[in-house]
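Asks: The following file, coords-v1.pdb, comprises PDB, C-alpha atoms, pLDDT in the B column:
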ATOM      1  CA  MET Y 805      41.112  81.329 -19.322  1.00 80.00           C
ATOM      2  CA  ARG Y 806      42.856  83.018 -22.246  1.00 88.00           C
ATOM      3  CA  CYS Y 807      41.609  82.230 -25.780  1.00 90.00           C
ATOM      4  CA  LEU Y 808      44.148  80.444 -27.985  1.00 89.00           C
ATOM      5  CA  TYR Y 809      43.117  82.449 -31.036  1.00 92.00           C
ATOM      6  CA  CYS Y 810      42.600  86.072 -29.923  1.00 94.00           C
ATOM      7  CA  ASN Y 811      44.026  86.138 -26.354  1.00 92.00           C
ATOM      8  CA  CYS Y 812      40.709  87.363 -24.957  1.00 94.00           C
ATOM      9  CA  THR Y 813      40.350  86.480 -21.268  1.00 93.00           C
ATOM     10  CA  GLU Y 814      36.555  86.140 -21.334  1.00 94.00           C
ATOM     11  CA  SER Y 815      35.022  82.771 -22.204  1.00 95.00           C
ATOM     12  CA  LYS Y 816      31.968  80.762 -21.247  1.00 95.00           C
ATOM     13  CA  VAL Y 817      31.748  77.066 -20.532  1.00 95.00           C
ATOM     14  CA  ILE Y 818      29.591  75.244 -23.105  1.00 94.00           C
ATOM     15  CA  ASP Y 819      30.011  71.693 -21.784  1.00 93.00           C
ATOM     16  CA  SER Y 820      31.711  69.959 -18.828  1.00 92.00           C
ATOM     17  CA  ARG Y 821      32.313  66.257 -18.366  1.00 90.00           C
ATOM     18  CA  SER Y 822      34.680  63.873 -16.626  1.00 87.00           C
ATOM     19  CA  ALA Y 823      37.696  62.753 -18.600  1.00 77.00           C
ATOM     20  CA  ASP Y 824      38.678  59.081 -18.839  1.00 71.00           C
ATOM     21  CA  ASP Y 825      40.618  59.002 -15.566  1.00 69.00           C
ATOM     22  CA  GLU Y 826      37.701  60.359 -13.450  1.00 72.00           C
ATOM     23  CA  ARG Y 827      40.132  62.835 -11.857  1.00 76.00           C
ATOM     24  CA  THR Y 828      40.074  65.354 -14.683  1.00 87.00           C
ATOM     25  CA  ILE Y 829      37.257  67.549 -15.966  1.00 92.00           C
ATOM     26  CA  ARG Y 830      37.100  68.337 -19.677  1.00 92.00           C
ATOM     27  CA  ARG Y 831      35.533  71.730 -20.410  1.00 93.00           C
ATOM     28  CA  ARG Y 832      34.440  72.941 -23.812  1.00 95.00           C
ATOM     29  CA  ARG Y 833      34.619  76.748 -23.903  1.00 95.00           C
ATOM     30  CA  GLU Y 834      33.532  79.508 -26.268  1.00 96.00           C
ATOM     31  CA  CYS Y 835      35.520  82.738 -26.503  1.00 96.00           C
ATOM     32  CA  MET Y 836      33.420  85.853 -25.864  1.00 95.00           C
ATOM     33  CA  GLY Y 837      35.737  87.882 -28.133  1.00 95.00           C
ATOM     34  CA  CYS Y 838      36.032  85.853 -31.343  1.00 95.00           C
ATOM     35  CA  GLY Y 839      33.375  83.192 -30.797  1.00 95.00           C
ATOM     36  CA  ARG Y 840      35.737  80.273 -31.458  1.00 96.00           C
ATOM     37  CA  ARG Y 841      35.638  77.185 -29.292  1.00 95.00           C
ATOM     38  CA  PHE Y 842      38.441  75.417 -27.464  1.00 93.00           C
ATOM     39  CA  THR Y 843      38.857  72.663 -24.869  1.00 92.00           C
ATOM     40  CA  THR Y 844      40.489  72.900 -21.458  1.00 92.00           C
ATOM     41  CA  TYR Y 845      41.232  70.231 -18.869  1.00 89.00           C
ATOM     42  CA  GLU Y 846      41.041  70.802 -15.139  1.00 89.00           C
ATOM     43  CA  THR Y 847      42.837  68.524 -12.676  1.00 83.00           C
ATOM     44  CA  ILE Y 848      43.429  68.520  -8.942  1.00 77.00           C
ATOM     45  CA  GLU Y 849      46.922  69.635  -8.060  1.00 72.00           C
ATOM     46  CA  VAL Y 850      48.431  67.446  -5.385  1.00 72.00           C
ATOM     47  CA  ALA Y 851      51.330  69.039  -3.576  1.00 77.00           C
ATOM     48  CA  PRO Y 852      54.013  66.485  -2.789  1.00 86.00           C
ATOM     49  CA  ILE Y 853      54.486  65.724   0.869  1.00 92.00           C
ATOM     50  CA  LEU Y 854      58.029  65.123   2.020  1.00 94.00           C
ATOM     51  CA  VAL Y 855      58.929  62.675   4.749  1.00 95.00           C
ATOM     52  CA  VAL Y 856      61.764  63.865   6.987  1.00 95.00           C
ATOM     53  CA  LYS Y 857      63.766  60.834   7.997  1.00 93.00           C
ATOM     54  CA  ASN Y 858      65.698  60.441  11.261  1.00 88.00           C
ATOM     55  CA  ASP Y 859      68.987  61.411   9.576  1.00 93.00           C
ATOM     56  CA  GLY Y 860      67.433  64.650   8.274  1.00 93.00           C
ATOM     57  CA  THR Y 861      67.103  63.563   4.643  1.00 95.00           C
ATOM     58  CA  ARG Y 862      63.810  64.059   2.844  1.00 96.00           C
ATOM     59  CA  GLN Y 863      61.938  61.870   0.402  1.00 95.00           C
ATOM     60  CA  ALA Y 864      58.476  61.931  -1.127  1.00 93.00           C
ATOM     61  CA  PHE Y 865      55.702  60.257   0.883  1.00 93.00           C
ATOM     62  CA  ASP Y 866      55.172  56.773  -0.528  1.00 92.00           C
ATOM     63  CA  LEU Y 867      51.984  54.970   0.441  1.00 90.00           C
ATOM     64  CA  GLY Y 868      53.419  51.772  -1.046  1.00 92.00           C
ATOM     65  CA  LYS Y 869      56.276  51.867   1.454  1.00 94.00           C
ATOM     66  CA  VAL Y 870      53.845  52.154   4.369  1.00 93.00           C
ATOM     67  CA  LYS Y 871      51.771  49.294   2.988  1.00 94.00           C
ATOM     68  CA  ARG Y 872      54.838  47.058   2.459  1.00 95.00           C
ATOM     69  CA  GLY Y 873      55.897  47.595   6.075  1.00 93.00           C
ATOM     70  CA  VAL Y 874      52.446  46.662   7.348  1.00 95.00           C
ATOM     71  CA  ILE Y 875      52.279  43.601   5.075  1.00 95.00           C
ATOM     72  CA  LYS Y 876      55.651  42.454   6.411  1.00 94.00           C
ATOM     73  CA  ALA Y 877      54.453  42.869  10.014  1.00 93.00           C
ATOM     74  CA  CYS Y 878      51.238  40.955   9.244  1.00 94.00           C
ATOM     75  CA  GLU Y 879      52.997  38.062   7.487  1.00 93.00           C
ATOM     76  CA  LYS Y 880      51.490  34.683   8.524  1.00 92.00           C
ATOM     77  CA  ARG Y 881      48.818  36.467  10.565  1.00 93.00           C
ATOM     78  CA  PRO Y 882      45.046  36.253   9.984  1.00 94.00           C
ATOM     79  CA  VAL Y 883      44.823  39.832   8.726  1.00 94.00           C
ATOM     80  CA  PRO Y 884      42.922  40.274   5.434  1.00 94.00           C
ATOM     81  CA  ILE Y 885      44.559  42.441   2.759  1.00 93.00           C
ATOM     82  CA  GLU Y 886      41.454  44.669   2.785  1.00 93.00           C
ATOM     83  CA  LYS Y 887      42.234  45.647   6.390  1.00 94.00           C
ATOM     84  CA  ILE Y 888      45.840  46.407   5.436  1.00 94.00           C
ATOM     85  CA  ASP Y 889      44.664  48.544   2.498  1.00 92.00           C
ATOM     86  CA  GLU Y 890      42.212  50.316   4.803  1.00 93.00           C
ATOM     87  CA  LEU Y 891      44.967  51.004   7.351  1.00 94.00           C
ATOM     88  CA  ALA Y 892      47.327  52.367   4.679  1.00 92.00           C
ATOM     89  CA  GLU Y 893      44.626  54.543   3.085  1.00 91.00           C
ATOM     90  CA  ASP Y 894      43.665  55.878   6.506  1.00 93.00           C
ATOM     91  CA  ILE Y 895      47.267  56.924   7.122  1.00 94.00           C
ATOM     92  CA  ALA Y 896      47.510  58.535   3.672  1.00 90.00           C
ATOM     93  CA  LYS Y 897      44.339  60.542   4.359  1.00 90.00           C
ATOM     94  CA  GLN Y 898      45.694  61.697   7.696  1.00 92.00           C
ATOM     95  CA  VAL Y 899      49.024  62.697   6.116  1.00 92.00           C
ATOM     96  CA  TYR Y 900      47.388  64.619   3.257  1.00 87.00           C
ATOM     97  CA  ASN Y 901      44.703  66.186   5.476  1.00 88.00           C
ATOM     98  CA  SER Y 902      47.360  67.553   7.826  1.00 85.00           C
ATOM     99  CA  MET Y 903      47.960  70.335   5.272  1.00 82.00           C
ATOM    100  CA  GLU Y 904      51.663  70.175   6.083  1.00 87.00           C
ATOM    101  CA  GLN Y 905      54.250  69.838   3.321  1.00 92.00           C
ATOM    102  CA  GLU Y 906      56.600  67.836   5.547  1.00 95.00           C
ATOM    103  CA  ILE Y 907      55.985  65.075   8.050  1.00 95.00           C
ATOM    104  CA  SER Y 908      58.510  63.133  10.081  1.00 94.00           C
ATOM    105  CA  SER Y 909      58.982  59.407   9.575  1.00 93.00           C
ATOM    106  CA  LYS Y 910      58.513  59.144  13.342  1.00 91.00           C
ATOM    107  CA  GLN Y 911      54.967  60.535  13.072  1.00 94.00           C
ATOM    108  CA  ILE Y 912      54.119  58.074  10.296  1.00 94.00           C
ATOM    109  CA  GLY Y 913      55.561  55.196  12.318  1.00 92.00           C
ATOM    110  CA  GLU Y 914      53.455  56.189  15.315  1.00 91.00           C
ATOM    111  CA  MET Y 915      50.328  56.313  13.125  1.00 94.00           C
ATOM    112  CA  VAL Y 916      51.065  52.808  11.825  1.00 94.00           C
ATOM    113  CA  MET Y 917      51.711  51.433  15.314  1.00 90.00           C
ATOM    114  CA  GLU Y 918      48.530  52.966  16.731  1.00 91.00           C
ATOM    115  CA  ARG Y 919      46.420  51.294  14.039  1.00 94.00           C
ATOM    116  CA  LEU Y 920      48.329  48.010  14.074  1.00 93.00           C
ATOM    117  CA  GLN Y 921      47.839  47.637  17.813  1.00 88.00           C
ATOM    118  CA  LYS Y 922      44.062  47.686  17.258  1.00 90.00           C
ATOM    119  CA  LEU Y 923      44.275  45.396  14.217  1.00 93.00           C
ATOM    120  CA  ASP Y 924      46.636  42.637  15.386  1.00 91.00           C
ATOM    121  CA  GLU Y 925      48.796  42.659  18.505  1.00 88.00           C
ATOM    122  CA  VAL Y 926      51.425  40.272  17.135  1.00 89.00           C
ATOM    123  CA  ALA Y 927      51.811  42.379  13.979  1.00 92.00           C
ATOM    124  CA  TYR Y 928      52.091  45.427  16.232  1.00 87.00           C
ATOM    125  CA  VAL Y 929      54.941  43.850  18.233  1.00 86.00           C
ATOM    126  CA  ARG Y 930      56.723  42.845  15.018  1.00 87.00           C
ATOM    127  CA  TYR Y 931      56.432  46.347  13.603  1.00 90.00           C
ATOM    128  CA  ALA Y 932      57.438  47.947  16.908  1.00 83.00           C
ATOM    129  CA  SER Y 933      60.509  45.715  17.177  1.00 80.00           C
ATOM    130  CA  VAL Y 934      61.805  47.107  13.880  1.00 80.00           C
ATOM    131  CA  TYR Y 935      60.482  50.648  14.249  1.00 75.00           C
ATOM    132  CA  ARG Y 936      61.681  51.158  17.816  1.00 73.00           C
ATOM    133  CA  SER Y 937      64.939  49.237  17.222  1.00 70.00           C
ATOM    134  CA  PHE Y 938      64.789  47.211  20.419  1.00 70.00           C
ATOM    135  CA  LYS Y 939      68.354  46.837  21.592  1.00 70.00           C
ATOM    136  CA  ASP Y 940      67.804  43.830  23.837  1.00 72.00           C
ATOM    137  CA  ILE Y 941      65.175  41.553  25.327  1.00 76.00           C
ATOM    138  CA  SER Y 942      64.475  43.913  28.247  1.00 78.00           C
ATOM    139  CA  SER Y 943      63.361  46.762  25.948  1.00 76.00           C
ATOM    140  CA  PHE Y 944      61.203  44.244  24.065  1.00 74.00           C
ATOM    141  CA  MET Y 945      59.691  43.017  27.339  1.00 80.00           C
ATOM    142  CA  ALA Y 946      59.033  46.597  28.471  1.00 80.00           C
ATOM    143  CA  GLU Y 947      56.933  47.179  25.336  1.00 77.00           C
ATOM    144  CA  LEU Y 948      55.031  43.933  25.935  1.00 79.00           C
ATOM    145  CA  GLN Y 949      54.433  44.925  29.554  1.00 83.00           C
ATOM    146  CA  LYS Y 950      52.939  48.264  28.419  1.00 81.00           C
ATOM    147  CA  MET Y 951      50.581  46.357  26.121  1.00 78.00           C
ATOM    148  CA  ILE Y 952      49.529  43.980  28.894  1.00 81.00           C
ATOM    149  CA  GLU Y 953      48.871  46.840  31.331  1.00 82.00           C
ATOM    150  CA  LYS Y 954      46.867  48.721  28.734  1.00 79.00           C
ATOM    151  CA  LYS Y 955      44.810  45.632  27.934  1.00 77.00           C
ATOM    152  CA  GLN Y 956      44.114  44.937  31.611  1.00 79.00           C
ATOM    153  CA  GLY Y 957      42.862  48.498  32.027  1.00 75.00           C
ATOM    154  CA  GLU Y 958      40.288  48.146  29.220  1.00 71.00           C
ATOM    155  CA  PRO Y 959      36.660  47.202  29.946  1.00 71.00           C
ATOM    156  CA  GLU Y 960      35.536  43.636  29.147  1.00 61.00           C
ATOM    157  CA  GLY Y 961      33.913  42.782  25.788  1.00 53.00           C
ATOM    158  CA  ARG Y 962      36.261  44.734  23.583  1.00 48.00           C
TER     159      ARG Y 962
END
What does the file become when written as structure tokens?
Replies:
Amino acid sequence: MRCLYCNCTESKVIDSRSADDERTIRRRRECMGCGRRFTTYETIEVAPILVVKNDGTRQAFDLGKVKRGVIKACEKRPVPIEKIDELAEDIAKQVYNSMEQEISSKQIGEMVMERLQKLDEVAYVRYASVYRSFKDISSFMAELQKMIEKKQGEPEGR
């Protein structure tokens, strides 16, 4: 850290504490060259993650958009908002922990569907009907059939 007063690059930290937002650290420093004190702030740098849409365009990852889609799928279903928040946060963690700067909208959609299927089957079918753009009733029925077969293959007491 370069001193504001003498440009010396050597300083020692006198005091560290969290700033008001709990995501920033305020450090009080003393210059080893001139002895003057100054304050620095340290924050976590979050690299933006871009979502590559089906048409090739890119936009910043928006957790709110994921959450709105899940809320719409869960409309009039007995799914508490805490579970929806948990699902959305889980997806955000997976997206950010991937260490990739770009992720396809298809991958995000698959993440949502995987979690929705465990949370509420009707919400899953609603989301899948929009996400997979079912063209007709037969494609819709094929998805339902996959769900039924999967459920029949699971052990009792789930």
Asks: For a test of reading the model, state the distance in Å between CA of Lys887 (chain Y) and CA of Ser909 (chain Y), rounded to one decimal.
Replies: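 Computed distance, CA of Lys887 (chain Y) to CA of Ser909 (chain Y), equals 21.9 Å.
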Asks: What separation in Å, quoted to one decimal, exists between CA of Glu826 (chain Y) and CA of Arg840 (chain Y)?
Replies: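 Atom-to-atom, CA of Glu826 (chain Y) and CA of Arg840 (chain Y) are spaced 26.9 Å apart.
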Asks: Within 10 Å of region 914-927 of chain Y, which residues of region 805-905 of chain Y show up? Give each one with its shortest atom-to-atom distance in Å (one decimal) and the two atoms involved, counting only C-alpha atoms, rows by chain then rising residue number, as a Markdown table.
Replies:
| residue | atom | partner | partner_atom | distance |
| --- | --- | --- | --- | --- |
| Y:Val870 | CA | Y:Val916 | CA | 8.0 |
| Y:Lys871 | CA | Y:Val916 | CA | 9.5 |
| Y:Gly873 | CA | Y:Val916 | CA | 9.1 |
| Y:Val874 | CA | Y:Val916 | CA | 7.7 |
| Y:Ile875 | CA | Y:Ala927 | CA | 9.0 |
| Y:Lys876 | CA | Y:Ala927 | CA | 8.5 |
| Y:Ala877 | CA | Y:Ala927 | CA | 4.8 |
| Y:Cys878 | CA | Y:Ala927 | CA | 5.0 |
| Y:Glu879 | CA | Y:Ala927 | CA | 7.9 |
| Y:Lys880 | CA | Y:Ala927 | CA | 9.4 |
| Y:Arg881 | CA | Y:Ala927 | CA | 7.5 |
| Y:Pro882 | CA | Y:Asp924 | CA | 8.5 |
| Y:Val883 | CA | Y:Asp924 | CA | 7.5 |
| Y:Lys887 | CA | Y:Leu923 | CA | 8.1 |
| Y:Ile888 | CA | Y:Leu923 | CA | 9.0 |
| Y:Leu891 | CA | Y:Arg919 | CA | 6.9 |
| Y:Ala892 | CA | Y:Val916 | CA | 8.1 |
| Y:Asp894 | CA | Y:Arg919 | CA | 9.2 |
| Y:Ile895 | CA | Y:Met915 | CA | 6.8 |
| Y:Gln898 | CA | Y:Met915 | CA | 8.9 |
| Y:Val899 | CA | Y:Met915 | CA | 9.6 |
Asks: At a cut-off of 10 Å, using only C-alpha atoms, what residues contact Ser822 (chain Y)? Leave out same-chain residues fewer than 5 positions from it and give the result as number ranges by chain.
Replies: Y: 827-831, 845-846
Asks: What does the file look like for those residues with C-alpha atoms, as a JSON list (two decimals), in the coordinates of the input?
Replies:
[["chain", "number", "residue", "atom", "x", "y", "z"],
["Y", 827, "ARG", "CA", 40.13, 62.84, -11.86],
["Y", 828, "THR", "CA", 40.07, 65.35, -14.68],
["Y", 829, "ILE", "CA", 37.26, 67.55, -15.97],
["Y", 830, "ARG", "CA", 37.10, 68.34, -19.68],
["Y", 831, "ARG", "CA", 35.53, 71.73, -20.41],
["Y", 845, "TYR", "CA", 41.23, 70.23, -18.87],
["Y", 846, "GLU", "CA", 41.04, 70.80, -15.14]]
Asks: When you draw a straight line from CA of Ser820 (chain Y) to CA of Lys897 (chain Y), how long is it in Å?
Replies: 28.0 Å
Asks: Around (62.0, 63.9, 3.3), as given in the file, which residues come within 10 Å? Count all atoms listed in the file and list them as a list in words.
Replies: Ile853, Leu854, Val855, Val856, Lys857, Asn858, Asp859, Gly860, Thr861, Arg862, Gln863, Ala864, Phe865, Gln905, Glu906, Ile907, Ser908 and Ser909 of chain Y
Asks: Considering all atoms listed in the file, return as a PyMOL selection string whatever protein or nucleic-acid residues lie within 12 Å of region 944-946 of chain Y, sequence-local ones (same chain, fewer than 4 positions apart) excluded.
Replies: chain Y and resi 929-940+950-953
Asks: Taking all atoms listed in the file into account, which of Y:Ala896, Y:Ala823, Y:Met805, Y:Cys838 comes nearest Gly868 (chain Y)?
Replies: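 For Gly868 (chain Y), the nearest of the candidates is Y:Ala896.
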Asks: Can you list what the PyMOL selection byres ((chain Y and resi 837) around 9) grabs from this structure, as a count of residues only?
Replies: 13
Asks: Let me have the centre and edge lengths in Å, one decimal, of the box along x, y and z around every listed atom of region 890-897 of chain Y with 3 Å of margin on each side, as JSON.
Replies:
{"center_x": 44.9, "center_y": 55.4, "center_z": 5.2, "size_x": 11.3, "size_y": 16.2, "size_z": 10.3}
Asks: Using all atoms listed in the file, what residues lie at most 6 Å away from (33.9, 75.0, -22.8) (file coordinates), given as a PDB file with C-alpha atoms, keeping the file's coordinate frame?
Replies:
ATOM      1  CA  VAL Y 817      31.748  77.066 -20.532  1.00 95.00           C
ATOM      2  CA  ILE Y 818      29.591  75.244 -23.105  1.00 94.00           C
ATOM      3  CA  ASP Y 819      30.011  71.693 -21.784  1.00 93.00           C
ATOM      4  CA  ARG Y 831      35.533  71.730 -20.410  1.00 93.00           C
ATOM      5  CA  ARG Y 832      34.440  72.941 -23.812  1.00 95.00           C
ATOM      6  CA  ARG Y 833      34.619  76.748 -23.903  1.00 95.00           C
ATOM      7  CA  GLU Y 834      33.532  79.508 -26.268  1.00 96.00           C
ATOM      8  CA  THR Y 843      38.857  72.663 -24.869  1.00 92.00           C
TER       9      THR Y 843
END
